[in-house]
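The file target35.tsv contains TSV, C-alpha atoms:
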```tsv
chain	number	residue	atom	x	y	z
A	1	MET	CA	-0.81	-18.93	13.72
A	2	GLY	CA	1.45	-16.50	11.93
A	3	SER	CA	4.52	-14.85	13.35
A	4	VAL	CA	5.91	-11.33	13.06
A	5	ARG	CA	9.27	-10.66	14.67
A	6	LEU	CA	12.02	-8.06	14.68
A	7	THR	CA	15.62	-8.97	15.39
A	8	PHE	CA	18.91	-7.14	15.89
A	9	ASP	CA	20.78	-10.32	14.94
A	10	ALA	CA	21.81	-11.76	11.57
A	11	PHE	CA	19.65	-14.72	10.52
A	12	ASP	CA	19.84	-17.75	8.24
A	13	PRO	CA	16.94	-17.75	5.73
A	14	GLY	CA	17.50	-21.44	4.91
A	15	GLY	CA	17.01	-22.44	8.52
A	16	LEU	CA	13.86	-20.31	8.74
A	17	LEU	CA	12.44	-21.96	5.62
A	18	THR	CA	13.17	-25.46	6.96
A	19	ALA	CA	11.48	-24.63	10.26
A	20	PHE	CA	8.51	-23.02	8.48
A	21	CYS	CA	7.93	-26.11	6.29
A	22	ARG	CA	8.00	-28.57	9.18
A	23	GLY	CA	4.80	-30.48	9.94
A	24	ARG	CA	2.75	-29.26	6.98
A	25	ALA	CA	1.12	-32.40	5.62
A	26	GLU	CA	-1.82	-30.45	4.10
A	27	THR	CA	-0.26	-27.11	3.12
A	28	GLY	CA	0.98	-27.89	-0.38
A	29	ALA	CA	2.67	-24.56	-1.16
A	30	VAL	CA	5.23	-22.41	0.62
A	31	ALA	CA	6.62	-19.24	-0.99
A	32	THR	CA	9.39	-17.13	0.51
A	33	PHE	CA	11.14	-13.86	-0.16
A	34	THR	CA	14.51	-12.86	1.30
A	35	GLY	CA	15.71	-9.26	0.95
A	36	LEU	CA	19.46	-8.62	1.13
A	37	ALA	CA	21.24	-5.34	1.90
A	38	ARG	CA	22.86	-3.91	-1.25
A	39	ALA	CA	26.31	-2.33	-1.37
A	40	GLU	CA	25.28	0.03	-4.25
A	41	ALA	CA	28.80	-0.23	-5.72
A	42	GLY	CA	30.43	0.93	-2.50
A	43	ALA	CA	28.02	3.82	-1.86
A	44	THR	CA	26.50	1.92	1.08
A	45	VAL	CA	28.79	0.43	3.71
A	46	ALA	CA	25.92	-0.33	6.10
A	47	LEU	CA	22.17	0.05	6.37
A	48	GLU	CA	20.61	1.06	9.65
A	49	LEU	CA	16.98	0.17	10.28
A	50	GLU	CA	14.97	1.79	13.03
A	51	ALA	CA	11.59	0.51	14.23
A	52	TYR	CA	9.01	1.71	16.78
A	53	PRO	CA	8.96	-1.29	19.11
A	54	GLY	CA	5.45	-2.59	19.70
A	55	PHE	CA	3.86	-0.35	17.05
A	56	THR	CA	5.94	-1.78	14.21
A	57	GLU	CA	5.07	-5.41	15.01
A	58	ALA	CA	1.40	-4.52	15.55
A	59	GLU	CA	1.15	-2.71	12.19
A	60	ILE	CA	2.82	-5.58	10.32
A	61	ASP	CA	0.58	-8.04	12.11
A	62	LYS	CA	-2.52	-6.15	10.92
A	63	ILE	CA	-1.48	-6.33	7.27
A	64	ALA	CA	-0.38	-9.95	7.58
A	65	LEU	CA	-3.81	-10.88	8.91
A	66	LYS	CA	-5.37	-9.01	5.97
A	67	ALA	CA	-3.14	-10.99	3.60
A	68	LYS	CA	-4.08	-14.21	5.37
A	69	ALA	CA	-7.78	-13.52	4.82
A	70	ARG	CA	-7.41	-12.16	1.27
A	71	PHE	CA	-5.29	-15.01	-0.06
A	72	GLY	CA	-6.58	-17.77	2.19
A	73	LEU	CA	-3.22	-18.48	3.77
A	74	ASP	CA	-2.68	-21.34	6.17
A	75	ASP	CA	0.17	-19.47	7.84
A	76	PHE	CA	2.83	-16.78	7.47
A	77	ALA	CA	6.16	-15.81	9.02
A	78	ILE	CA	7.82	-12.40	8.81
A	79	LEU	CA	11.22	-11.64	10.27
A	80	HIS	CA	12.72	-8.17	9.85
A	81	ARG	CA	16.15	-6.93	10.90
A	82	VAL	CA	16.64	-3.72	12.84
A	83	GLY	CA	19.92	-2.03	13.73
A	84	LYS	CA	23.03	-2.06	11.53
A	85	ILE	CA	23.12	-4.41	8.55
A	86	ALA	CA	26.14	-5.09	6.33
A	87	PRO	CA	25.83	-5.44	2.52
A	88	GLY	CA	24.90	-8.99	1.57
A	89	GLU	CA	23.17	-9.74	4.85
A	90	PRO	CA	19.46	-10.61	4.89
A	91	ILE	CA	17.21	-7.74	6.00
A	92	VAL	CA	13.82	-9.36	5.66
A	93	PHE	CA	12.36	-12.86	5.37
A	94	VAL	CA	8.74	-13.48	4.41
A	95	ALA	CA	7.21	-16.95	4.16
A	96	THR	CA	3.64	-17.77	3.21
A	97	ALA	CA	1.89	-21.14	3.31
A	98	ALA	CA	-1.25	-22.00	1.34
A	99	ARG	CA	-3.01	-24.96	-0.23
A	100	ARG	CA	-2.00	-23.80	-3.73
A	101	ARG	CA	1.02	-22.00	-5.11
A	102	ARG	CA	-0.73	-18.93	-6.59
A	103	ALA	CA	-2.03	-17.81	-3.20
A	104	ALA	CA	1.37	-18.35	-1.59
A	105	PHE	CA	3.23	-16.40	-4.31
A	106	GLU	CA	0.74	-13.53	-4.37
A	107	ALA	CA	0.55	-13.16	-0.60
A	108	CYS	CA	4.35	-13.05	-0.38
A	109	ASP	CA	4.46	-10.36	-3.11
A	110	TYR	CA	1.68	-8.37	-1.38
A	111	LEU	CA	3.43	-8.51	1.99
A	112	MET	CA	6.73	-7.31	0.53
A	113	ASP	CA	5.05	-4.40	-1.31
A	114	TYR	CA	3.47	-3.41	1.98
A	115	LEU	CA	6.71	-3.73	3.94
A	116	LYS	CA	8.64	-1.56	1.45
A	117	SER	CA	6.48	1.53	1.83
A	118	ARG	CA	3.98	1.16	4.68
A	119	ALA	CA	5.61	-0.76	7.50
A	120	PRO	CA	6.97	1.46	10.29
A	121	PHE	CA	10.69	1.27	9.60
A	122	TRP	CA	13.13	4.07	8.90
A	123	LYS	CA	16.17	3.20	6.85
A	124	LYS	CA	19.46	5.05	6.82
A	125	ALA	CA	22.22	4.22	4.34
A	126	HIS	CA	25.72	4.85	5.67
A	127	GLY	CA	28.28	5.55	2.93
A	128	PRO	CA	31.84	6.82	2.62
A	129	ASP	CA	30.50	10.40	2.40
A	130	GLY	CA	28.11	10.21	5.35
A	131	ALA	CA	24.59	8.94	5.88
A	132	ARG	CA	21.30	9.51	4.06
A	133	TRP	CA	17.71	8.53	4.79
A	134	VAL	CA	16.12	6.16	2.30
A	135	GLU	CA	12.44	6.75	1.54
A	136	PRO	CA	10.11	4.74	-0.72
A	137	ARG	CA	10.61	5.27	-4.45
A	138	ASP	CA	7.74	6.01	-6.84
A	139	GLN	CA	8.06	2.40	-7.98
A	140	ASP	CA	7.42	1.19	-4.42
A	141	HIS	CA	4.19	3.22	-4.26
A	142	ALA	CA	3.15	1.92	-7.70
A	143	ASP	CA	3.86	-1.65	-6.57
A	144	LEU	CA	1.62	-1.22	-3.55
A	145	ALA	CA	-1.16	0.41	-5.61
A	146	ARG	CA	-1.48	-2.81	-7.65
A	147	TRP	CA	-3.22	-4.42	-4.68
A	148	GLU	CA	-5.81	-1.70	-4.12
A	149	LYS	CA	-8.15	-3.27	-6.64
A	150	GLU	CA	-10.29	-6.01	-5.19
A	151	PRO	CA	-8.98	-9.45	-6.08
A	152	SER	CA	-10.59	-11.05	-9.09
A	153	SER	CA	-12.04	-14.41	-8.20
B	1	MET	CA	2.98	15.60	30.33
B	2	ALA	CA	3.31	13.94	26.94
B	3	ARG	CA	6.20	11.71	26.03
B	4	VAL	CA	7.35	12.82	22.59
B	5	LEU	CA	9.17	10.36	20.30
B	6	LEU	CA	10.88	11.32	17.05
B	7	PHE	CA	11.77	8.72	14.43
B	8	GLY	CA	14.02	8.59	11.38
B	9	ARG	CA	15.22	11.88	9.98
B	10	LEU	CA	13.10	13.86	12.46
B	11	ALA	CA	15.40	12.76	15.30
B	12	ASP	CA	18.43	13.81	13.25
B	13	VAL	CA	16.91	17.24	12.57
B	14	ALA	CA	16.04	17.80	16.25
B	15	GLY	CA	19.13	16.22	17.80
B	16	TRP	CA	16.94	14.27	20.26
B	17	ARG	CA	14.51	11.37	20.02
B	18	ASP	CA	12.67	11.12	23.33
B	19	ARG	CA	11.53	14.01	25.50
B	20	VAL	CA	8.79	14.75	28.04
B	21	ILE	CA	6.87	17.95	27.24
B	22	GLU	CA	3.85	19.53	28.90
B	23	SER	CA	1.16	20.36	26.36
B	24	PRO	CA	-2.66	20.32	26.38
B	25	SER	CA	-3.12	19.24	22.76
B	26	LEU	CA	-1.34	17.92	19.72
B	27	SER	CA	-1.64	21.26	17.89
B	28	ALA	CA	-0.22	23.12	20.90
B	29	LEU	CA	2.62	20.62	21.08
B	30	LYS	CA	3.46	21.08	17.41
B	31	ALA	CA	3.39	24.87	17.79
B	32	ARG	CA	5.69	24.66	20.77
B	33	LEU	CA	8.15	22.33	19.03
B	34	ALA	CA	8.21	24.69	16.01
B	35	ARG	CA	8.75	27.72	18.25
B	36	ASP	CA	11.68	26.06	20.01
B	37	ASP	CA	13.23	24.67	16.81
B	38	ALA	CA	12.16	26.10	13.44
B	39	GLY	CA	13.96	23.31	11.55
B	40	LEU	CA	12.04	20.65	13.45
B	41	GLY	CA	8.79	22.58	12.96
B	42	GLU	CA	9.34	22.56	9.22
B	43	ALA	CA	10.26	18.86	9.22
B	44	LEU	CA	7.15	17.94	11.23
B	45	GLY	CA	4.99	19.71	8.65
B	46	GLY	CA	6.72	17.88	5.79
B	47	ARG	CA	5.07	15.56	3.30
B	48	GLY	CA	4.07	12.16	4.65
B	49	VAL	CA	4.74	12.81	8.34
B	50	GLN	CA	2.18	10.92	10.45
B	51	VAL	CA	1.41	11.13	14.16
B	52	ALA	CA	0.59	8.26	16.51
B	53	LEU	CA	-0.93	8.79	19.97
B	54	ASP	CA	-0.31	5.81	22.23
B	55	GLN	CA	0.61	3.82	19.11
B	56	VAL	CA	-2.56	4.67	17.16
B	57	ILE	CA	-2.30	6.86	14.03
B	58	VAL	CA	-4.39	10.03	14.35
B	59	ARG	CA	-5.32	12.75	11.87
B	60	GLY	CA	-6.09	16.30	12.93
B	61	ASP	CA	-5.87	17.65	16.46
B	62	ALA	CA	-6.35	15.72	19.69
B	63	PRO	CA	-6.08	16.48	23.41
B	64	LEU	CA	-3.03	15.10	25.20
B	65	ASN	CA	-3.56	13.42	28.55
B	66	ALA	CA	-0.95	12.82	31.20
B	67	GLY	CA	1.43	10.20	29.93
B	68	THR	CA	0.23	10.19	26.31
B	69	GLU	CA	2.95	8.87	24.00
B	70	VAL	CA	3.19	11.11	20.92
B	71	ALA	CA	5.22	9.66	18.06
B	72	PHE	CA	6.10	11.63	14.93
B	73	LEU	CA	6.61	9.23	12.02
B	74	PRO	CA	8.29	10.37	8.79
B	75	PRO	CA	7.75	8.37	5.56
B	76	MET	CA	8.39	4.69	6.24
B	77	SER	CA	10.62	2.30	4.33
B	78	GLY	CA	11.36	-1.29	5.18
B	79	GLY	CA	12.36	-4.43	3.36
```
Mind converting the file's structure to structure tokens?
Amino acid sequence: MGSVRLTFDAFDPGGLLTAFCRGRAETGAVATFTGLARAEAGATVALELEAYPGFTEAEIDKIALKAKARFGLDDFAILHRVGKIAPGEPIVFVATAARRRRAAFEACDYLMDYLKSRAPFWKKAHGPDGARWVEPRDQDHADLARWEKEPSS
Amino acid sequence: MARVLLFGRLADVAGWRDRVIESPSLSALKARLARDDAGLGEALGGRGVQVALDQVIVRGDAPLNAGTEVAFLPPMSGG
């Protein structure tokens, strides 16, 4: 169970959610997050995401399996765009399934914090004045650090 | 012969992303890359740059065998 995929193509988060929810008579809770490319008031005309094929999926898979164990997930799905992405288009979709909502919410949050600053992607923002590389902000590192404490049970 | 891969801004600095280079070890490879291109040498030594050998992150030096894939990975950002 659990899927991690990269795609060069635009995707429909609603369709992914519908497919993810199908056949879950015992799951109870599904949480999702969809990240969209931002225009930054015209400063970004396109994002360009680069991955290391094979390595990127394997690294995300490792953390997803950690999340599955930590939060007791039934299942997860992660889809991440690579290549050029226009403002407003989805970049990332994360879905988590658990018996109870808290686990589903927290696992989704955990996975996104990981993806922002630890998953092997390199992000370039193309703007009217050229391109720049986007690296994690201090806030992204602080977000990830929240999970370093062992979960209280 | 190692296959050297550069990602993100490292490829922009170097002007290439995939090259086959003969080198006995990771430290020798880094020294050679820096000798050929000082800008790349500086970028490779920058904060947060990690190295993967055959898709496994390594720290410190390591010997390079024939066909080892050496990937230089600058700070990552997804989502």
Practice problem: Define the interface residues of chain A facing chain B as those within 9 Å, counting all atoms listed in the file, and report them as a ChimeraX atom specification. | Solution: /A:34-36,49-52,54-55,80-81,91-93,112-124,132-136
Could the residues in this selection be written to a file with C-alpha atoms, as a JSON list (two decimals), keeping the file's coordinate frame?
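Below you can see out12.json, which holds the result:
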```
[["chain", "number", "residue", "atom", "x", "y", "z"],
["A", 34, "THR", "CA", 14.51, -12.86, 1.30],
["A", 35, "GLY", "CA", 15.71, -9.26, 0.95],
["A", 36, "LEU", "CA", 19.46, -8.62, 1.13],
["A", 49, "LEU", "CA", 16.98, 0.17, 10.28],
["A", 50, "GLU", "CA", 14.97, 1.79, 13.03],
["A", 51, "ALA", "CA", 11.59, 0.51, 14.23],
["A", 52, "TYR", "CA", 9.01, 1.71, 16.78],
["A", 54, "GLY", "CA", 5.45, -2.59, 19.70],
["A", 55, "PHE", "CA", 3.86, -0.35, 17.05],
["A", 80, "HIS", "CA", 12.72, -8.17, 9.85],
["A", 81, "ARG", "CA", 16.15, -6.93, 10.90],
["A", 91, "ILE", "CA", 17.21, -7.74, 6.00],
["A", 92, "VAL", "CA", 13.82, -9.36, 5.66],
["A", 93, "PHE", "CA", 12.36, -12.86, 5.37],
["A", 112, "MET", "CA", 6.73, -7.31, 0.53],
["A", 113, "ASP", "CA", 5.05, -4.40, -1.31],
["A", 114, "TYR", "CA", 3.47, -3.41, 1.98],
["A", 115, "LEU", "CA", 6.71, -3.73, 3.94],
["A", 116, "LYS", "CA", 8.64, -1.56, 1.45],
["A", 117, "SER", "CA", 6.48, 1.53, 1.83],
["A", 118, "ARG", "CA", 3.98, 1.16, 4.68],
["A", 119, "ALA", "CA", 5.61, -0.76, 7.50],
["A", 120, "PRO", "CA", 6.97, 1.46, 10.29],
["A", 121, "PHE", "CA", 10.69, 1.27, 9.60],
["A", 122, "TRP", "CA", 13.13, 4.07, 8.90],
["A", 123, "LYS", "CA", 16.17, 3.20, 6.85],
["A", 124, "LYS", "CA", 19.46, 5.05, 6.82],
["A", 132, "ARG", "CA", 21.30, 9.51, 4.06],
["A", 133, "TRP", "CA", 17.71, 8.53, 4.79],
["A", 134, "VAL", "CA", 16.12, 6.16, 2.30],
["A", 135, "GLU", "CA", 12.44, 6.75, 1.54],
["A", 136, "PRO", "CA", 10.11, 4.74, -0.72]]
```
Practice problem: Between atom CA of Gly42 of chain A and atom CA of Ile85 of chain A, measure the distance and give it in Å to one decimal. | Solution: 14.3 Å
Quiz item: atom CA of Ala97 of chain A and atom CA of Gly14 of chain A, how far apart in Å?
Solution: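 About the pair atom CA of Gly14 of chain A and atom CA of Ala97 of chain A: they are 15.7 Å apart.
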Practice problem: Could you jot down the atom CA of Arg38 of chain A to atom CA of Gly88 of chain A separation for me, Å, one decimal place? | Solution: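 So the two atoms, atom CA of Arg38 of chain A and atom CA of Gly88 of chain A, lie 6.2 Å apart.
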Quiz item: Restricting the calculation to all atoms listed in the file, which member of B:Leu26, B:Met1, B:Ala11, B:Ala66 is positioned closest to Gly39 of chain B?
Solution: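 Of the candidates, the smallest distance to Gly39 of chain B is held by B:Ala11.
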Self-check item: Selection: 12 Å around Arg32 of chain B, all atoms listed in the file, excl. self and same-chain fewer than 6 positions, as a ChimeraX atom specification
Solution: /B:21-26,38,40-41,44
